[in-house]
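Beneath this line is the structure, given in structure tokens, with notes to follow.
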Amino acid sequence: MTLTRRETLQLLLAAVASGAMPAATGAGACVQWADGVDVNAAGALGREYLKLYPLDPALKEVLALLRAPTAALDDALRRLGEMIHYDYVAGRTVNLSGWFVSRTEGCIFARIAMCAR
Amino acid sequence: MLVDTAQLSENSHLEADVVIVGGGVAGIALSRQLADSGLSVLVLESGGDKPEARTQALYAGTMTLGGPGNDARPLNDYLAASRVRCFGGSGNVWGGKCAPLDPIDFAKRDWIRYSGWPIDRAGLQPFYDRACTLLELPRFGEEAATVVGPNEPLLAGRPSSLAIRPRCYTRYTGLAPGDSYAAFKRSASEHPRVAVHLHANVTAIKLDASGQRVASLEVRELDGRRHSATGRAYVLAAGGIENVRLLLASNDVHREGIGNHSDWLGRAFQGHTTISQGDDTGVSLLRDDSQLGLFDNQQRGRPHAVIGLSDAAQYRYRTTNFTATLTAAKEAVPKAEACIAKLAQRIADAPAAARRSTYFMVEHTPNRDSRITLSREQRDELGLPRLHVDMRYGEPEFDSIAAAIGCLATELGRLAIGRVRWQGKREQLVQYMDSPSRHHMGATRMSNSPRQGVVDEQCRVHGVGNLYVASSSVFPTSGIANPTLTLLALTLRLGDHLAVAMKAAA
């Protein structure tokens with residue numbers, strides 16, 4: 001499943017309009033925590049996730065954590081790790097391109113989709 | 001003594017305390033054990049010392065593999081390709097992988113119809129230990145640590161719905177380097193109280209007038225010459241499919257075949273297939289490759305392990321047994337996969353991620369429609385009806401696959417061990433299955449009650465006092481473990497029983 005850029009933008013705008021997701025802040029915001037991740041490939045996963053869960057309420061918290069300043073990055077990653085752990089404990093998983101990942105991971109990919117816009 | 005039946009005069013009569021049909025792993029081990037106890041043993045082997053095309057062609061038949069909502073696949077080559085009809089049997093081409101069945105495999109599980117053995121794992125454990133000694137393997141305790149040691153690198157002792165299931169390879173197979181298997185065969189054929197007859201095809205089991213005892217076996221050569229064999233006890237060790245053919249075809253007294261009093265003979269046939277979508281099935285583990293040696297498949301000479309659903313998880317989720325086997329390391333990883341691994345690695349602060357191709361196995365449950373039947377039209381060169389095998393999976397195992405893979409994925413995620421790839425569709429599961437392995441189980445199932453099976457807990461055919469089956473065909477359920485170790489354990493158990501019973505009778 002792939003979304004066009006226009007479809008992705010529409011989904012993201014819908015999410016922002018619903019209050020589930022703040023507006024994107026640009027590709028540079030991804031770099032500090034997504035180091036080494038192929039942004040285009042991850043963005044494709046994110047678009048796949050957004051198509052499945054365009055209004056995921058968890059997106060808001062994930063996006064806030066991902067905007068953490070550099071000094072707070074370790075804490076943010078720790079919190080994301082906890083969220084991912086509890087997703088798996090609760091069975092909150094999603095299948096993206098065949099891979100079982102947590103919903104929080106799906107939100108992170110959605111964030112990368114915004115960066116890759 | 002090794003005798004080519006072709007050297008005998010026609011209508012020879014062969015006799016021993018125990019007559020064993022089939023000179024494969026079970027027949028060889030049993031003949032040696034019984035001979036050591038002082039009994040004389042006759043082994044009737046259809047083939048020669050090496051495979052011969054004409055004898056092998058006796059195995060030809062037809063087969064389909066199917067499951068609910070899936071198109072059946074023809075597998076007509078399987079019956080001849082999955083078996084070897086010569087001295088040493090399929091042990092000549094056996095990979096040598098050994099593992100016991102898990103304790104839950106023996107249990108009555110109310111969500112799996114016809115599950116439950118008359119014996120349990122603890123009862124079989126002493127015989128598993130002896131089988132391991134025979135095959136020069138470490139003993140498998142009920143805990144994986146007894147084989148893999150205390151430092152298993154993946155679960156590392158953490159509570160989980162997953163379990164490490166160890167396997168070991170024996171050198172007593174025709175495929176292993178050296179002459180261990182040849183020596184194994186000689187240990188029977190050179191035993192002073194064992195006579196192994198080659199080219200001795202058993203074509204009928206003759207019952208006495210009561211229909212409750214075997215009176216003799218009809219033996220034929222491919223050139224048409226006939227002989228007979230008698231003993232005080234008879235053991236069918238011709239393999240999990242051929243035993244069924246012989247029992248079904250010996251229908252002059254019991255019209256539906258010997259041991260078919262409750263219409264179970266040939267039914268509940270079970271096999272083992274691997275399930276994979278090729279490169280699209282895999283596990284990415286947050287480990288360095290060097291930490292995963294225990295999970296390397298095909299590593300002879302040391303234990304290896306597969307990842308299974310724990311017995312407790314199977315009870316909790318009411319699934320069948322299930323395993324994931326890691327196979328080759330995948331070097332070129334597509335970008336999306338790399339992203340998932342990289343992100344998981346980053347969040348978990350893991351130093352590396354290793355991508356492994358994987359196959360899954362799900363327990364094939366007893367299904368009365370999974371069945372071996374005699375052909376009404378086709379006969380082999382000896383005049384025996386050829387077989388049709390309709391191997392069918394059922395709803396329980398198809399329901400279990402998605403649940404089990406989901407459990408694997410959530411557990412590997414929860415423990416920050418890795419991520420799982422699978423997006424198979426239920427209606428295509430049969431297409432994802434490899435050709436079944438040489439594991440032929442269930443079609444002469446063991447049961448306490450004659451109404452529920454073919455043989456009793458001593459592997460004696462219900463209602464026939466002197467006829468036994470030494471084969472994986474007696475397994476009521478089949479688990480996932482390679483069956484030969486369990487077959488040997490049951491054979492050693494049968495050997496003990498026969499030695500005592502026959503001395504008492506004498």
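Identifiers in the structure tokens: chain A, B, ... in order shown; residue index from 1 per chain; ligand index from 1 in order shown.
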Could I get the residues of chain A with an atom no further than 12 Å from an atom of chain B, each paired with its nearest atom pair and that distance in Å to one decimal, using only C-alpha atoms, sorted by chain and residue number, as JSON lines?
{"residue": "A:Gln32", "atom": "CA", "partner": "B:Arg346", "partner_atom": "CA", "distance": 11.7}
{"residue": "A:Trp33", "atom": "CA", "partner": "B:Arg346", "partner_atom": "CA", "distance": 8.5}
{"residue": "A:Ala34", "atom": "CA", "partner": "B:Leu343", "partner_atom": "CA", "distance": 7.6}
{"residue": "A:Asp35", "atom": "CA", "partner": "B:Arg346", "partner_atom": "CA", "distance": 9.0}
{"residue": "A:Gly36", "atom": "CA", "partner": "B:Lys342", "partner_atom": "CA", "distance": 7.4}
{"residue": "A:Val37", "atom": "CA", "partner": "B:Cys339", "partner_atom": "CA", "distance": 5.4}
{"residue": "A:Asp38", "atom": "CA", "partner": "B:Cys339", "partner_atom": "CA", "distance": 6.3}
{"residue": "A:Val39", "atom": "CA", "partner": "B:Cys339", "partner_atom": "CA", "distance": 8.4}
{"residue": "A:Asn40", "atom": "CA", "partner": "B:Lys335", "partner_atom": "CA", "distance": 8.9}
{"residue": "A:Ala41", "atom": "CA", "partner": "B:Ala336", "partner_atom": "CA", "distance": 5.1}
{"residue": "A:Ala42", "atom": "CA", "partner": "B:Cys339", "partner_atom": "CA", "distance": 5.9}
{"residue": "A:Gly43", "atom": "CA", "partner": "B:Ala336", "partner_atom": "CA", "distance": 9.2}
{"residue": "A:Ala44", "atom": "CA", "partner": "B:Ala336", "partner_atom": "CA", "distance": 8.0}
{"residue": "A:Leu45", "atom": "CA", "partner": "B:Ala336", "partner_atom": "CA", "distance": 7.2}
{"residue": "A:Gly46", "atom": "CA", "partner": "B:Ala336", "partner_atom": "CA", "distance": 10.5}
{"residue": "A:Glu48", "atom": "CA", "partner": "B:Ala336", "partner_atom": "CA", "distance": 11.6}
{"residue": "A:Leu73", "atom": "CA", "partner": "B:Ile347", "partner_atom": "CA", "distance": 11.2}
{"residue": "A:Asp74", "atom": "CA", "partner": "B:Ile347", "partner_atom": "CA", "distance": 9.7}
{"residue": "A:Asp75", "atom": "CA", "partner": "B:Ile347", "partner_atom": "CA", "distance": 11.1}
{"residue": "A:Ala76", "atom": "CA", "partner": "B:Ile347", "partner_atom": "CA", "distance": 9.9}
{"residue": "A:Leu77", "atom": "CA", "partner": "B:Ile347", "partner_atom": "CA", "distance": 6.1}
{"residue": "A:Arg78", "atom": "CA", "partner": "B:Ile347", "partner_atom": "CA", "distance": 7.4}
{"residue": "A:Arg79", "atom": "CA", "partner": "B:Ile347", "partner_atom": "CA", "distance": 9.4}
{"residue": "A:Leu80", "atom": "CA", "partner": "B:Ile347", "partner_atom": "CA", "distance": 7.2}
{"residue": "A:Gly81", "atom": "CA", "partner": "B:Ile347", "partner_atom": "CA", "distance": 5.6}
{"residue": "A:Glu82", "atom": "CA", "partner": "B:Ile347", "partner_atom": "CA", "distance": 9.4}
{"residue": "A:Met83", "atom": "CA", "partner": "B:Arg414", "partner_atom": "CA", "distance": 10.3}
{"residue": "A:Ile84", "atom": "CA", "partner": "B:Arg414", "partner_atom": "CA", "distance": 7.8}
{"residue": "A:His85", "atom": "CA", "partner": "B:Arg414", "partner_atom": "CA", "distance": 5.0}
{"residue": "A:Tyr86", "atom": "CA", "partner": "B:Arg414", "partner_atom": "CA", "distance": 7.4}
{"residue": "A:Asp87", "atom": "CA", "partner": "B:Arg414", "partner_atom": "CA", "distance": 8.0}
{"residue": "A:Tyr88", "atom": "CA", "partner": "B:Thr410", "partner_atom": "CA", "distance": 5.0}
{"residue": "A:Val89", "atom": "CA", "partner": "B:Arg414", "partner_atom": "CA", "distance": 6.0}
{"residue": "A:Ala90", "atom": "CA", "partner": "B:Thr410", "partner_atom": "CA", "distance": 8.6}
{"residue": "A:Gly91", "atom": "CA", "partner": "B:Thr410", "partner_atom": "CA", "distance": 6.3}
{"residue": "A:Arg92", "atom": "CA", "partner": "B:Thr410", "partner_atom": "CA", "distance": 8.6}
{"residue": "A:Thr93", "atom": "CA", "partner": "B:Thr410", "partner_atom": "CA", "distance": 7.6}
{"residue": "A:Val94", "atom": "CA", "partner": "B:Gly406", "partner_atom": "CA", "distance": 10.2}
{"residue": "A:Asn95", "atom": "CA", "partner": "B:Gln423", "partner_atom": "CA", "distance": 7.7}
{"residue": "A:Leu96", "atom": "CA", "partner": "B:Arg421", "partner_atom": "CA", "distance": 9.1}
{"residue": "A:Ser97", "atom": "CA", "partner": "B:Gln423", "partner_atom": "CA", "distance": 7.9}
{"residue": "A:Gly98", "atom": "CA", "partner": "B:Gln423", "partner_atom": "CA", "distance": 4.9}
{"residue": "A:Trp99", "atom": "CA", "partner": "B:Arg421", "partner_atom": "CA", "distance": 4.2}
{"residue": "A:Phe100", "atom": "CA", "partner": "B:Val420", "partner_atom": "CA", "distance": 5.7}
{"residue": "A:Val101", "atom": "CA", "partner": "B:Arg419", "partner_atom": "CA", "distance": 7.0}
{"residue": "A:Ser102", "atom": "CA", "partner": "B:Gly413", "partner_atom": "CA", "distance": 7.9}
{"residue": "A:Arg103", "atom": "CA", "partner": "B:Gly413", "partner_atom": "CA", "distance": 11.6}
{"residue": "A:Thr104", "atom": "CA", "partner": "B:Ala344", "partner_atom": "CA", "distance": 11.1}
{"residue": "A:Glu105", "atom": "CA", "partner": "B:Leu343", "partner_atom": "CA", "distance": 8.0}
{"residue": "A:Gly106", "atom": "CA", "partner": "B:Ile340", "partner_atom": "CA", "distance": 9.8}
{"residue": "A:Cys107", "atom": "CA", "partner": "B:Leu343", "partner_atom": "CA", "distance": 12.0}
{"residue": "A:Ile108", "atom": "CA", "partner": "B:Leu343", "partner_atom": "CA", "distance": 9.0}
{"residue": "A:Phe109", "atom": "CA", "partner": "B:Ile340", "partner_atom": "CA", "distance": 9.1}
{"residue": "A:Ile112", "atom": "CA", "partner": "B:Cys339", "partner_atom": "CA", "distance": 10.9}
Per DSSP on the backbone, filter region 19-112 of chain A down to the residues in helix (DSSP H, G or I) and report them as an NGL selection string. :A and (28-31 or 39-52 or 58-66 or 70-90 or 103-112)
Find the residues around Ile401 (chain B) up to 10 Å (only C-alpha atoms counted), leave out those fewer than 2 positions away in its own chain, and share them as a ChimeraX atom specification. /B:275,319-323,360-363,396-399,403-407,424,426,429
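Non-sequential neighbours of Ile164 (chain B) (distance at most 7 Å, separation of 3 or more positions within a chain, only C-alpha atoms) are B:Ala144, B:Ala305, B:Val306, B:Ile307, B:Gly308.
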Prev. selection, C-alpha atoms, output as a short mmCIF file (atom, residue, chain, number, x, y, z; two decimals), in the first residue's frame:
data_model
loop_
_atom_site.label_atom_id
_atom_site.label_comp_id
_atom_site.auth_asym_id
_atom_site.auth_seq_id
_atom_site.Cartn_x
_atom_site.Cartn_y
_atom_site.Cartn_z
CA ALA B 144 16.00 -26.63 27.22
CA ALA B 305 17.50 -24.30 18.80
CA VAL B 306 14.25 -23.11 17.34
CA ILE B 307 11.88 -20.64 18.94
CA GLY B 308 8.57 -22.12 19.99
#
Residues near Ala80 (chain B), cut-off 10 Å, only C-alpha atoms, skip fewer than 3 positions along chain, as a VMD selection string: chain B and resid 56 to 62 76 to 77 83 to 85
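You can rank B:Phe269, B:Trp264, B:Tyr359, B:Tyr315 by their closest distance to Asn297 (chain B) using only C-alpha atoms, and at the top of that list sits B:Tyr359.
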re CA of Ser250 (chain B) and CA of Ala204 (chain B): distance 5.3 Å
Identify, with DSSP run on backbone atoms, the residues in region 286-388 of chain B assigned to strand (DSSP E), and express the list as a ChimeraX atom specification. /B:304-309,322-329,354-362,371-379,385-388
Contacts of Ser449 (chain B) within 12 Å, only C-alpha atoms, excl. fewer than 2 positions in-chain, as a PyMOL selection string: chain B and resi 117-118+261-262+264+445-447+451-457+461-463
